$ cat data27.tsv   # TSV, C-alpha atoms
chain	number	residue	atom	x	y	z
X	1	MET	CA	0.00	0.00	0.00
X	2	ARG	CA	2.73	2.42	1.05
X	3	ALA	CA	4.85	1.31	-1.89
X	4	LEU	CA	1.93	1.97	-4.21
X	5	PHE	CA	1.49	5.44	-2.75
X	6	LEU	CA	5.16	6.16	-3.27
X	7	ILE	CA	5.08	4.87	-6.84
X	8	ILE	CA	2.09	7.10	-7.61
X	9	LEU	CA	3.88	9.99	-5.96
X	10	LEU	CA	6.97	9.36	-8.03
X	11	CYS	CA	4.96	9.17	-11.24
X	12	VAL	CA	3.10	12.39	-10.49
X	13	SER	CA	6.22	14.30	-9.58
X	14	ASP	CA	7.94	12.97	-12.68
X	15	PHE	CA	5.04	14.13	-14.75
X	16	LEU	CA	5.20	17.65	-13.37
X	17	TRP	CA	8.90	18.21	-13.64
X	18	ALA	CA	11.37	16.75	-16.04
X	19	LYS	CA	14.02	15.41	-13.70
X	20	ASP	CA	17.34	13.70	-13.96
X	21	SER	CA	17.12	10.01	-13.48
X	22	GLU	CA	19.91	7.92	-12.02
X	23	THR	CA	20.27	4.19	-11.68
X	24	GLY	CA	23.04	2.44	-9.84
X	25	LEU	CA	24.22	-1.01	-8.92
X	26	GLY	CA	26.73	-1.86	-6.24
X	27	VAL	CA	27.83	-3.98	-3.30
X	28	VAL	CA	27.73	-3.30	0.43
X	29	PRO	CA	29.79	-5.48	2.73
X	30	GLU	CA	28.84	-4.93	6.34
X	31	LEU	CA	30.15	-6.02	9.71
X	32	SER	CA	28.07	-5.62	12.83
X	33	LEU	CA	29.13	-6.25	16.44
X	34	SER	CA	26.80	-6.21	19.42
X	35	TYR	CA	27.30	-6.64	23.11
X	36	ASN	CA	24.55	-7.09	25.71
X	37	PHE	CA	24.94	-6.24	29.36
X	38	GLY	CA	21.75	-6.63	31.36
X	39	TYR	CA	19.08	-4.56	29.72
X	40	TYR	CA	21.63	-2.47	27.87
X	41	LYS	CA	23.16	-3.13	24.51
X	42	LEU	CA	26.11	-1.70	22.62
X	43	SER	CA	25.90	-2.14	18.91
X	44	SER	CA	28.33	-1.05	16.27
X	45	LYS	CA	28.61	-1.55	12.58
X	46	ILE	CA	30.69	-0.67	9.61
X	47	GLU	CA	29.33	-0.77	6.09
X	48	SER	CA	30.90	0.29	2.83
X	49	PHE	CA	29.08	1.25	-0.36
X	50	GLN	CA	30.92	0.49	-3.59
X	51	SER	CA	29.23	0.90	-6.93
X	52	PHE	CA	30.18	-0.65	-10.23
X	53	TYR	CA	27.43	0.48	-12.55
X	54	GLU	CA	25.80	3.86	-13.07
X	55	LYS	CA	23.30	5.20	-15.55
X	56	ILE	CA	22.56	8.92	-15.57
X	57	ASN	CA	19.72	9.73	-17.93
X	58	SER	CA	20.91	7.65	-20.88
X	59	ASN	CA	24.63	7.56	-20.09
X	60	GLU	CA	25.68	4.13	-18.98
X	61	THR	CA	29.01	3.44	-17.31
X	62	TRP	CA	30.43	0.26	-15.89
X	63	ASN	CA	33.01	1.53	-13.49
X	64	TYR	CA	34.12	0.79	-9.99
X	65	ALA	CA	33.53	3.74	-7.67
X	66	TYR	CA	33.90	4.05	-3.93
X	67	GLU	CA	30.81	5.76	-2.55
X	68	GLN	CA	30.84	5.88	1.22
X	69	THR	CA	31.76	4.01	4.39
X	70	ASP	CA	29.62	4.41	7.49
X	71	VAL	CA	30.78	3.66	11.00
X	72	GLN	CA	28.00	3.47	13.58
X	73	LEU	CA	27.80	3.10	17.33
X	74	PHE	CA	24.56	2.67	19.27
X	75	VAL	CA	23.72	2.48	22.95
X	76	GLY	CA	20.36	0.86	23.49
X	77	ARG	CA	18.18	-0.05	26.41
X	78	SER	CA	15.41	-2.59	26.28
X	79	LEU	CA	12.14	-1.37	27.76
X	80	ASN	CA	10.67	-4.88	27.95
X	81	PRO	CA	11.27	-8.15	26.09
X	82	PHE	CA	9.84	-6.63	22.91
X	83	SER	CA	10.88	-3.02	22.63
X	84	SER	CA	13.99	-0.92	23.00
X	85	LEU	CA	15.24	2.63	22.69
X	86	ALA	CA	18.62	3.49	21.23
X	87	LEU	CA	20.81	6.49	20.59
X	88	GLY	CA	23.47	6.38	17.95
X	89	TYR	CA	26.22	8.21	16.20
X	90	GLN	CA	27.46	7.67	12.67
X	91	TYR	CA	30.58	8.90	11.00
X	92	GLY	CA	30.34	8.78	7.23
X	93	ILE	CA	33.53	8.66	5.19
X	94	GLY	CA	32.65	9.83	1.71
X	95	SER	CA	34.84	10.03	-1.34
X	96	GLY	CA	37.06	13.13	-1.39
X	97	ASP	CA	36.59	14.91	1.94
X	98	LYS	CA	32.80	14.72	2.06
X	99	ASN	CA	32.66	13.34	5.57
X	100	THR	CA	29.52	13.54	7.65
X	101	HIS	CA	28.41	13.27	11.25
X	102	ARG	CA	25.00	11.89	12.09
X	103	ILE	CA	23.08	11.43	15.31
X	104	ILE	CA	20.30	8.85	15.43
X	105	GLN	CA	17.40	8.16	17.76
X	106	GLN	CA	15.38	4.99	17.47
X	107	TYR	CA	12.58	2.94	18.92
X	108	ALA	CA	12.32	-0.71	17.92
X	109	TYR	CA	9.65	-3.30	18.62
X	110	ALA	CA	9.95	-6.97	17.75
X	111	ILE	CA	7.61	-9.82	18.49
X	112	THR	CA	7.28	-13.50	17.61
X	113	PRO	CA	3.61	-14.45	17.63
X	114	GLY	CA	4.22	-17.71	15.76
X	115	ALA	CA	7.00	-18.84	13.51
X	116	ILE	CA	7.46	-15.41	11.94
X	117	LYS	CA	9.25	-12.73	13.90
X	118	TRP	CA	8.26	-9.23	12.86
X	119	ALA	CA	9.62	-5.87	13.87
X	120	HIS	CA	8.86	-2.18	13.63
X	121	ARG	CA	11.49	0.50	13.84
X	122	ILE	CA	11.01	4.23	14.05
X	123	ARG	CA	14.04	6.42	13.57
X	124	ALA	CA	14.90	10.08	13.45
X	125	ASP	CA	18.35	11.22	12.41
X	126	GLN	CA	20.17	14.46	11.82
X	127	THR	CA	23.15	14.64	9.48
X	128	PHE	CA	25.78	17.36	9.63
X	129	TYR	CA	27.74	18.23	6.50
X	130	GLN	CA	30.85	20.33	6.10
X	131	ASP	CA	29.41	22.73	3.53
X	132	ASP	CA	25.71	21.96	3.38
X	133	PRO	CA	22.88	22.62	5.82
X	134	MET	CA	21.81	19.97	8.29
X	135	LYS	CA	19.51	17.23	7.01
X	136	PHE	CA	16.64	15.86	9.11
X	137	ARG	CA	15.29	12.42	8.34
X	138	PHE	CA	12.33	10.46	9.67
X	139	ARG	CA	12.10	6.80	8.87
X	140	TYR	CA	9.89	3.84	9.55
X	141	ARG	CA	10.90	0.29	8.88
X	142	PHE	CA	8.90	-2.91	8.96
X	143	SER	CA	10.78	-6.17	8.81
X	144	PHE	CA	10.10	-9.83	9.26
X	145	GLU	CA	12.19	-12.93	9.74
X	146	LEU	CA	10.97	-16.31	8.67
X	147	PRO	CA	12.64	-19.58	9.69
X	148	LEU	CA	13.33	-21.90	6.79
X	149	GLN	CA	13.72	-24.92	9.06
X	150	GLY	CA	11.46	-25.69	12.03
X	151	GLN	CA	9.32	-23.23	13.92
X	152	SER	CA	11.98	-20.73	15.00
X	153	VAL	CA	15.40	-19.63	13.81
X	154	ASP	CA	17.82	-21.80	15.77
X	155	TYR	CA	21.55	-22.34	15.71
X	156	ASN	CA	22.85	-23.64	12.41
X	157	GLU	CA	19.67	-22.92	10.57
X	158	PHE	CA	18.70	-20.81	7.57
X	159	TYR	CA	16.15	-18.04	7.60
X	160	PHE	CA	14.70	-15.42	5.31
X	161	VAL	CA	14.44	-11.75	6.19
X	162	SER	CA	12.76	-8.85	4.45
X	163	THR	CA	12.85	-5.18	5.38
X	164	ASN	CA	10.66	-2.37	4.10
X	165	GLU	CA	11.51	1.19	4.93
X	166	LEU	CA	10.02	4.59	4.19
X	167	LEU	CA	12.14	7.71	4.62
X	168	TYR	CA	11.36	11.37	4.52
X	169	ALA	CA	14.15	13.93	4.55
X	170	LEU	CA	14.25	17.66	4.86
X	171	GLN	CA	17.33	19.75	4.14
X	172	ASP	CA	16.89	23.50	4.17
X	173	SER	CA	13.55	23.54	2.37
X	174	LYS	CA	14.31	20.66	0.04
X	175	GLN	CA	12.41	17.46	0.55
X	176	GLU	CA	13.30	13.87	-0.27
X	177	TYR	CA	11.22	10.70	-0.29
X	178	GLU	CA	12.83	7.33	-0.22
X	179	TYR	CA	11.70	3.73	-0.14
X	180	ARG	CA	13.94	0.77	0.60
X	181	LEU	CA	13.08	-2.86	0.13
X	182	ALA	CA	15.41	-5.73	0.94
X	183	PHE	CA	15.23	-9.49	0.63
X	184	LEU	CA	17.96	-11.43	2.34
X	185	SER	CA	18.67	-14.99	3.23
X	186	GLY	CA	20.44	-15.60	6.46
X	187	TYR	CA	22.26	-18.29	8.36
X	188	PHE	CA	22.36	-18.36	12.16
X	189	PHE	CA	25.41	-20.20	13.44
X	190	GLY	CA	28.00	-20.70	16.16
X	191	ASN	CA	27.48	-18.75	19.30
X	192	ASN	CA	25.20	-15.92	18.10
X	193	ASN	CA	26.54	-15.24	14.62
X	194	LYS	CA	24.36	-14.36	11.69
X	195	LEU	CA	25.35	-14.15	8.08
X	196	GLN	CA	22.97	-12.44	5.66
X	197	PHE	CA	23.12	-12.21	1.92
X	198	GLY	CA	20.70	-10.57	-0.43
X	199	ALA	CA	19.67	-7.49	-2.32
X	200	GLU	CA	18.30	-4.10	-1.39
X	201	TYR	CA	16.39	-1.84	-3.72
X	202	ARG	CA	16.31	1.89	-2.97
X	203	VAL	CA	14.32	4.50	-4.81
X	204	LYS	CA	14.67	8.15	-3.92
X	205	ALA	CA	12.87	11.19	-5.26
X	206	THR	CA	14.28	14.66	-4.67
X	207	ASP	CA	13.27	18.00	-6.17
X	208	SER	CA	15.77	17.62	-8.99
X	209	SER	CA	16.24	13.90	-9.52
X	210	ASN	CA	14.94	10.39	-9.23
X	211	LYS	CA	17.45	7.88	-8.14
X	212	GLN	CA	17.24	4.13	-7.89
X	213	ASN	CA	19.84	1.73	-6.67
X	214	VAL	CA	20.26	-1.96	-6.20
X	215	TRP	CA	22.76	-2.92	-3.54
X	216	ILE	CA	24.00	-6.46	-3.15
X	217	ARG	CA	24.42	-6.89	0.57
X	218	LEU	CA	26.59	-9.22	2.57
X	219	ARG	CA	26.20	-8.76	6.29
X	220	TYR	CA	27.94	-10.48	9.15
X	221	ILE	CA	26.39	-9.95	12.56
X	222	PHE	CA	28.20	-10.99	15.66
X	223	ASN	CA	26.64	-10.85	19.12
X	224	ILE	CA	29.26	-11.05	21.84
O	225	MET	CA	23.17	-38.54	8.72
O	226	SER	CA	22.27	-34.93	9.51
O	227	ARG	CA	20.55	-36.21	12.67
O	228	VAL	CA	23.94	-37.18	14.11
O	229	LEU	CA	25.35	-33.75	13.32
O	230	ILE	CA	22.32	-32.02	14.82
O	231	LEU	CA	22.52	-34.22	17.90
O	232	SER	CA	26.17	-33.51	18.53
O	233	LEU	CA	25.64	-29.79	17.98
O	234	GLY	CA	22.65	-29.91	20.30
O	235	LEU	CA	24.78	-31.52	22.99
O	236	LEU	CA	27.55	-29.01	22.45
O	237	PHE	CA	25.29	-26.02	22.91
O	238	GLY	CA	22.99	-27.72	25.39
O	239	SER	CA	25.78	-28.11	27.90
O	240	ASN	CA	26.16	-24.33	28.22
O	241	LEU	CA	22.60	-23.82	29.21
O	242	PHE	CA	21.08	-23.31	32.61
O	243	ALA	CA	18.40	-25.63	33.86
O	244	GLN	CA	15.81	-22.93	34.50
O	245	GLU	CA	16.00	-21.66	30.97
O	246	LYS	CA	13.54	-22.87	28.39
O	247	THR	CA	15.56	-24.11	25.48
O	248	GLU	CA	14.01	-26.10	22.76
O	249	ARG	CA	15.05	-26.88	19.26
O	250	GLU	CA	12.73	-28.13	16.65
O	251	TYR	CA	13.59	-29.63	13.30
O	252	ARG	CA	11.08	-30.19	10.59
O	253	VAL	CA	11.04	-33.87	9.65
O	254	ASP	CA	9.31	-35.92	7.02
O	255	GLN	CA	6.51	-38.25	8.09
O	256	LYS	CA	8.69	-41.16	6.88
O	257	GLU	CA	11.20	-40.40	9.63
O	258	VAL	CA	8.59	-40.48	12.38
O	259	PRO	CA	8.00	-43.72	14.36
O	260	ILE	CA	5.11	-45.52	12.68
O	261	LYS	CA	3.29	-45.87	16.02
O	262	ALA	CA	2.97	-42.11	16.31
O	263	VAL	CA	1.60	-41.73	12.79
O	264	GLN	CA	-0.88	-44.56	13.43
O	265	TRP	CA	-2.05	-42.96	16.69
O	266	ILE	CA	-2.93	-39.78	14.89
O	267	ASN	CA	-4.67	-41.57	12.02
O	268	HIS	CA	-6.74	-43.56	14.50
O	269	ASN	CA	-7.74	-40.85	16.89
O	270	LEU	CA	-7.98	-37.62	14.96
O	271	LYS	CA	-10.43	-37.20	12.15
O	272	ASP	CA	-10.84	-34.25	9.80
O	273	VAL	CA	-7.49	-32.68	10.44
O	274	SER	CA	-5.39	-30.33	8.35
O	275	LYS	CA	-2.07	-31.34	6.86
O	276	ILE	CA	0.22	-32.60	9.62
O	277	LYS	CA	3.62	-31.03	10.12
O	278	TRP	CA	6.09	-33.23	11.95
O	279	PHE	CA	8.95	-31.95	14.08
O	280	TYR	CA	11.78	-33.59	15.93
O	281	GLU	CA	12.20	-31.69	19.16
O	282	GLN	CA	15.07	-31.50	21.58
O	283	SER	CA	14.80	-29.86	24.95
O	284	THR	CA	17.22	-30.23	27.82
O	285	GLY	CA	18.01	-33.93	28.07
O	286	LYS	CA	14.97	-35.09	26.13
O	287	SER	CA	14.00	-35.81	22.55
O	288	SER	CA	10.57	-36.26	21.08
O	289	TYR	CA	8.46	-36.09	17.97
O	290	GLU	CA	5.77	-33.53	17.65
O	291	ALA	CA	2.84	-33.33	15.25
O	292	LYS	CA	1.39	-29.91	14.61
O	293	LEU	CA	-2.01	-29.72	13.00
O	294	ARG	CA	-5.34	-27.94	12.96
O	295	LYS	CA	-8.62	-29.56	13.85
O	296	SER	CA	-11.79	-27.47	13.59
O	297	LYS	CA	-9.70	-24.29	13.35
O	298	THR	CA	-7.86	-25.03	16.61
O	299	GLN	CA	-4.11	-25.59	16.69
O	300	PHE	CA	-2.97	-28.84	18.24
O	301	SER	CA	0.46	-30.08	18.99
O	302	ILE	CA	0.80	-33.72	19.90
O	303	GLU	CA	3.98	-35.03	21.43
O	304	PHE	CA	5.35	-38.55	21.20
O	305	ASP	CA	8.50	-40.09	22.65
O	306	THR	CA	11.19	-41.48	20.37
O	307	LEU	CA	9.43	-44.86	20.29
O	308	GLY	CA	6.22	-43.27	19.09
O	309	ILE	CA	4.32	-43.47	22.37
O	310	ILE	CA	2.08	-40.49	23.02
O	311	GLU	CA	3.09	-38.17	25.85
O	312	ASP	CA	0.70	-35.25	25.75
O	313	ILE	CA	-1.62	-33.14	23.65
O	314	GLU	CA	-1.49	-29.38	23.63
O	315	GLN	CA	-4.25	-27.21	22.29
O	316	ARG	CA	-4.17	-23.44	21.69
O	317	TYR	CA	-6.49	-21.85	24.17
O	318	ASP	CA	-8.14	-18.57	25.05
O	319	TRP	CA	-7.67	-16.86	28.38
O	320	LYS	CA	-11.42	-16.28	28.65
O	321	LYS	CA	-12.19	-19.94	28.06
O	322	ILE	CA	-10.23	-21.07	31.12
O	323	ASP	CA	-12.51	-22.15	33.94
O	324	ASN	CA	-13.40	-19.16	36.19
O	325	LEU	CA	-11.85	-20.36	39.46
O	326	THR	CA	-8.67	-21.49	37.71
O	327	ARG	CA	-8.37	-18.19	35.91
O	328	ILE	CA	-8.76	-16.23	39.16
O	329	THR	CA	-6.02	-18.29	40.80
O	330	ILE	CA	-3.63	-17.76	37.87
O	331	GLU	CA	-4.50	-14.06	37.72
O	332	LYS	CA	-3.75	-13.83	41.45
O	333	TYR	CA	-0.31	-15.34	40.85
O	334	PHE	CA	0.36	-12.77	38.14
O	335	THR	CA	-0.77	-9.75	40.14
O	336	THR	CA	1.05	-10.76	43.33
O	337	THR	CA	4.31	-11.73	41.61
O	338	TYR	CA	4.65	-9.12	38.90
O	339	LYS	CA	4.29	-5.36	38.75
O	340	LYS	CA	3.20	-5.75	35.17
O	341	HIS	CA	2.27	-8.78	33.14
O	342	GLN	CA	0.86	-9.70	29.76
O	343	VAL	CA	-0.26	-13.12	28.62
O	344	ILE	CA	1.11	-13.98	25.20
O	345	LYS	CA	0.12	-17.53	24.43
O	346	ILE	CA	-1.89	-20.21	26.20
O	347	GLN	CA	-1.91	-23.91	25.56
O	348	LYS	CA	-4.15	-26.35	27.35
O	349	GLN	CA	-2.19	-29.51	28.01
O	350	PHE	CA	-3.64	-33.00	28.36
O	351	VAL	CA	-1.43	-35.68	29.85
O	352	GLY	CA	-2.39	-39.32	29.97
O	353	ASP	CA	-1.72	-42.73	28.50
O	354	SER	CA	-2.55	-43.70	24.95
O	355	GLN	CA	-6.05	-45.03	25.76
O	356	GLU	CA	-7.02	-42.10	27.96
O	357	LEU	CA	-5.94	-39.55	25.35
O	358	SER	CA	-7.63	-41.57	22.65
O	359	ALA	CA	-10.92	-41.45	24.59
O	360	LEU	CA	-10.44	-37.73	24.99
O	361	MET	CA	-9.97	-37.11	21.29
O	362	LEU	CA	-12.67	-39.47	20.05
O	363	ASN	CA	-15.39	-39.13	22.71
O	364	ASP	CA	-14.36	-36.00	24.61
O	365	ASP	CA	-13.99	-38.24	27.67
O	366	GLN	CA	-11.55	-36.68	30.13
O	367	THR	CA	-11.37	-39.62	32.55
O	368	GLY	CA	-7.86	-40.07	33.93
O	369	VAL	CA	-6.46	-37.19	31.89
O	370	GLU	CA	-4.39	-34.60	33.70
O	371	VAL	CA	-5.11	-31.05	32.55
O	372	ASN	CA	-2.55	-28.25	32.75
O	373	TYR	CA	-2.17	-24.82	31.25
O	374	GLU	CA	1.10	-23.79	29.67
O	375	ILE	CA	1.17	-20.01	29.59
O	376	GLU	CA	3.74	-17.85	27.90
O	377	PHE	CA	3.77	-14.38	29.39
O	378	HIS	CA	5.71	-11.21	29.86
O	379	GLY	CA	6.31	-10.48	33.54
O	380	LYS	CA	7.99	-7.49	35.09
O	381	THR	CA	9.22	-7.44	38.70
O	382	GLU	CA	11.41	-4.86	40.47
O	383	THR	CA	14.51	-6.54	39.10
O	384	GLU	CA	13.42	-8.57	36.10
O	385	ASN	CA	11.64	-7.83	32.89
O	386	GLU	CA	11.42	-11.09	30.98
O	387	LEU	CA	9.41	-13.57	29.00
O	388	TRP	CA	8.36	-16.63	31.00
O	389	GLU	CA	6.67	-19.92	30.50
O	390	GLY	CA	4.56	-21.05	33.43
O	391	LEU	CA	2.93	-24.44	33.79
O	392	PHE	CA	-0.23	-24.28	35.90
O	393	ASN	CA	-2.36	-27.22	36.99
O	394	GLU	CA	-6.11	-27.50	36.58
O	395	LYS	CA	-6.62	-25.55	39.81
O	396	GLY	CA	-4.38	-22.77	38.56
O	397	GLU	CA	-1.44	-23.52	40.84
O	398	LEU	CA	2.00	-22.91	39.41
O	399	LEU	CA	3.91	-26.16	38.84
O	400	GLN	CA	6.93	-24.91	36.94
O	401	LEU	CA	8.37	-21.63	35.76
O	402	ARG	CA	10.97	-21.21	33.04
O	403	ARG	CA	12.58	-18.17	31.60
O	404	ILE	CA	12.28	-18.06	27.82
O	405	GLN	CA	15.64	-17.38	26.33
O	406	GLN	CA	15.29	-14.86	23.55
O	407	LYS	CA	17.44	-15.10	20.46
O	408	PRO	CA	19.39	-12.03	19.39
O	409	LYS	CA	17.47	-9.71	17.11
O	410	THR	CA	20.19	-7.23	16.19
O	411	ASN	CA	19.43	-7.71	12.50
O	412	LEU	CA	15.90	-6.46	13.03
O	413	GLU	CA	16.82	-3.51	15.24
O	414	PHE	CA	19.87	-2.04	13.53

$ encode --input "data27.tsv" --output "structure tokens"
Amino acid sequence: MRALFLIILLCVSDFLWAKDSETGLGVVPELSLSYNFGYYKLSSKIESFQSFYEKINSNETWNYAYEQTDVQLFVGRSLNPFSSLALGYQYGIGSGDKNTHRIIQQYAYAITPGAIKWAHRIRADQTFYQDDPMKFRFRYRFSFELPLQGQSVDYNEFYFVSTNELLYALQDSKQEYEYRLAFLSGYFFGNNNKLQFGAEYRVKATDSSNKQNVWIRLRYIFNI
Amino acid sequence: MSRVLILSLGLLFGSNLFAQEKTEREYRVDQKEVPIKAVQWINHNLKDVSKIKWFYEQSTGKSSYEAKLRKSKTQFSIEFDTLGIIEDIEQRYDWKKIDNLTRITIEKYFTTTYKKHQVIKIQKQFVGDSQELSALMLNDDQTGVEVNYEIEFHGKTETENELWEGLFNEKGELLQLRRIQQKPKTNLEF
């Protein structure tokens, strides 16, 4: 439903203004480390965006390009067995010297009513740029995890996970709408390790352009 | 072949676990791998059921086979030992359907033990021998059958805020309490 709304929105805005259109394809390796102590949790991750295909309007290029590396650190506290609050900081290392600082606030809720575990996440973040004004973002993500063996995801078992996220951003007076959809297969192994592999599709509409990307994701999650 | 691997891994991880924790592992198995006695019991005693899903279950120090199915829109899970002998029947249940006096007793346990609580899932458990459970399924005859309630709930005390599984008897008295060990969900939060 939300995706449909966004698609309509994109079509309408495209109709009104002739905009640049960009398409990209790339890979994102990601490493995530988490540590629980009582009801608190420290979570960090590093992810790096590297693209190898780009199409701007009708110009196609197959070229490797480093996009950005993000380093994140979160401190979270669980409110009950289902929900948690977290505060985070992200340092973004862009190409050239386009580095950014970001602060993040989030509320997450996850529950397992049956075999499927589903989760909601609400986030607000503020990004600080060297030369540009601050960007505010509000995001909502719905995800679910489905065991592929048995009734729950246990050690040494495969699972499937999908995430759906809507983002709204405001920078100065410029607005951005973004939708992200990911399908990943995962493997839960050893003592709290997860390995996820899959693809994420992102579509973003700004005042001047429409951008869509497919990112091949490989994520390793380690809970200490 | 994979059973051996699973078993040894189960033992490896099982040894790290505390006794009061609820730790169960379930593996989907084909009906061909299930003891024939168990399959026959179901065929004999349950009519008009949905497709049966079979699981091989390991909890601390115990293995069993479990059949999950629906009968008149109600979820059942029927447990057998490794020889195919029936152990118990569990049926999804509603809080409001629990007998009044029993419900009051359980509610009293919740309100006196926890600052906050929320019931998540209830299963009515029937324990008995093969004939008794057969009479229960075919003729709704409860003679000799022990009835318990297995309740999964969220309970918050001054010091703990956890998910629990409580086993209550027919009178609503607590027989056993286990903490449900939650799996990490970092991938869904961050």

$ residues_around --input "data27.tsv" --residues "Gly379 (chain O)" --least-positions-apart "3" --cutoff "9 Å" --atoms "all atoms listed in the file" --output "list in words"
Phe334, Thr337, Tyr338, Lys339, Lys340, His341, Gln342, Val343, Glu384, Asn385, Glu386, Leu387 and Trp388 of chain O

$ closest_residue --input "data27.tsv" --among "O:Val253, O:Ile328, O:Leu360, O:Ala262" --to "chain X" --atoms "only C-alpha atoms"
O:Val253

$ atom_distance --input "data27.tsv" --atom1 "CA of Asp364 (chain O)" --atom2 "CA of Lys321 (chain O)"
16.6 Å

$ interface_residues --input "data27.tsv" --of "chain O" --to "chain X" --cutoff "10 Å" --atoms "only C-alpha atoms" --output "JSON, numbers by chain"
{"O": [230, 233, 234, 237, 248, 249, 250, 251, 252, 253, 277, 278, 279, 280, 281, 344, 345, 378, 379, 380, 384, 385, 386, 387, 406, 407, 408, 409, 410, 411, 412, 413, 414]}

$ closest_residue --input "data27.tsv" --among "X:Gly88, X:Gly24, X:Pro29, X:Pro133" --to "Leu42 (chain X)" --atoms "all atoms listed in the file"
X:Gly88

$ residues_around --input "data27.tsv" --residues "region 180-183 of chain X" --least-positions-apart "6" --cutoff "10 Å" --atoms "all atoms listed in the file" --output "list in words"
Ala3, Arg141, Phe142, Ser143, Phe160, Val161, Ser162, Thr163, Asn164, Glu165, Leu166, Leu167, Gln196, Phe197, Gly198, Ala199, Glu200, Tyr201, Arg202, Val203, Lys204, Gln212, Asn213, Val214, Trp215, Ile216 and Arg217 of chain X

$ residues_near_point --input "data27.tsv" --point "(36.9, 14.4, -5.9)" --cutoff "12 Å" --atoms "only C-alpha atoms" --output "ChimeraX atom specification"
/X:65-67,94-98

$ atom_distance --input "data27.tsv" --atom1 "CA of Ser208 (chain X)" --atom2 "CA of Tyr168 (chain X)"
15.5 Å

$ atom_distance --input "data27.tsv" --atom1 "CA of Gln349 (chain O)" --atom2 "CA of Val258 (chain O)"
21.9 Å

$ closest_residue --input "data27.tsv" --among "O:Ile330, O:Leu399, O:Ile404, O:Ile276" --to "Glu290 (chain O)" --atoms "all atoms listed in the file"
O:Ile276

$ axis_aligned_box --input "data27.tsv" --around "region 347-364 of chain O" --padding-each-side "4 Å" --output "lines of an AutoDock Vina configuration file"
center_x = -8.4
center_y = -34.5
center_z = 25.0
size_x = 22.0
size_y = 29.1
size_z = 17.9

$ residues_around --input "data27.tsv" --residues "Asp125 (chain X)" --least-positions-apart "2" --cutoff "9 Å" --atoms "all atoms listed in the file" --output "list in words"
Gly88, Arg102, Ile103, Ile104, Gln105, Gln106, Arg123, Thr127, Lys135, Phe136, Arg137, Phe138 and Arg139 of chain X

$ residues_around --input "data27.tsv" --residues "Pro259 (chain O)" --least-positions-apart "2" --cutoff "7 Å" --atoms "all atoms listed in the file" --output "tab-separated table (two decimals) with C-alpha atoms, keeping the file's coordinate frame"
chain	number	residue	atom	x	y	z
O	257	GLU	CA	11.20	-40.40	9.63
O	261	LYS	CA	3.29	-45.87	16.02
O	262	ALA	CA	2.97	-42.11	16.31
O	263	VAL	CA	1.60	-41.73	12.79
O	307	LEU	CA	9.43	-44.86	20.29
O	308	GLY	CA	6.22	-43.27	19.09

$ residues_near_point --input "data27.tsv" --point "(11.8, -32.8, 26.3)" --cutoff "12 Å" --atoms "only C-alpha atoms" --output "compact mmCIF listing (two decimals) with C-alpha atoms, in the coordinates of the input"
# COMPACT_ATOMS: atom_id res chain seq x y z
CA LYS O 246 13.54 -22.87 28.39
CA THR O 247 15.56 -24.11 25.48
CA GLU O 248 14.01 -26.10 22.76
CA ARG O 249 15.05 -26.88 19.26
CA GLU O 250 12.73 -28.13 16.65
CA TYR O 280 11.78 -33.59 15.93
CA GLU O 281 12.20 -31.69 19.16
CA GLN O 282 15.07 -31.50 21.58
CA SER O 283 14.80 -29.86 24.95
CA THR O 284 17.22 -30.23 27.82
CA GLY O 285 18.01 -33.93 28.07
CA LYS O 286 14.97 -35.09 26.13
CA SER O 287 14.00 -35.81 22.55
CA SER O 288 10.57 -36.26 21.08
CA TYR O 289 8.46 -36.09 17.97
CA GLU O 290 5.77 -33.53 17.65
CA GLU O 303 3.98 -35.03 21.43
CA PHE O 304 5.35 -38.55 21.20
CA ASP O 305 8.50 -40.09 22.65
CA THR O 306 11.19 -41.48 20.37
CA GLU O 311 3.09 -38.17 25.85
CA ASP O 312 0.70 -35.25 25.75
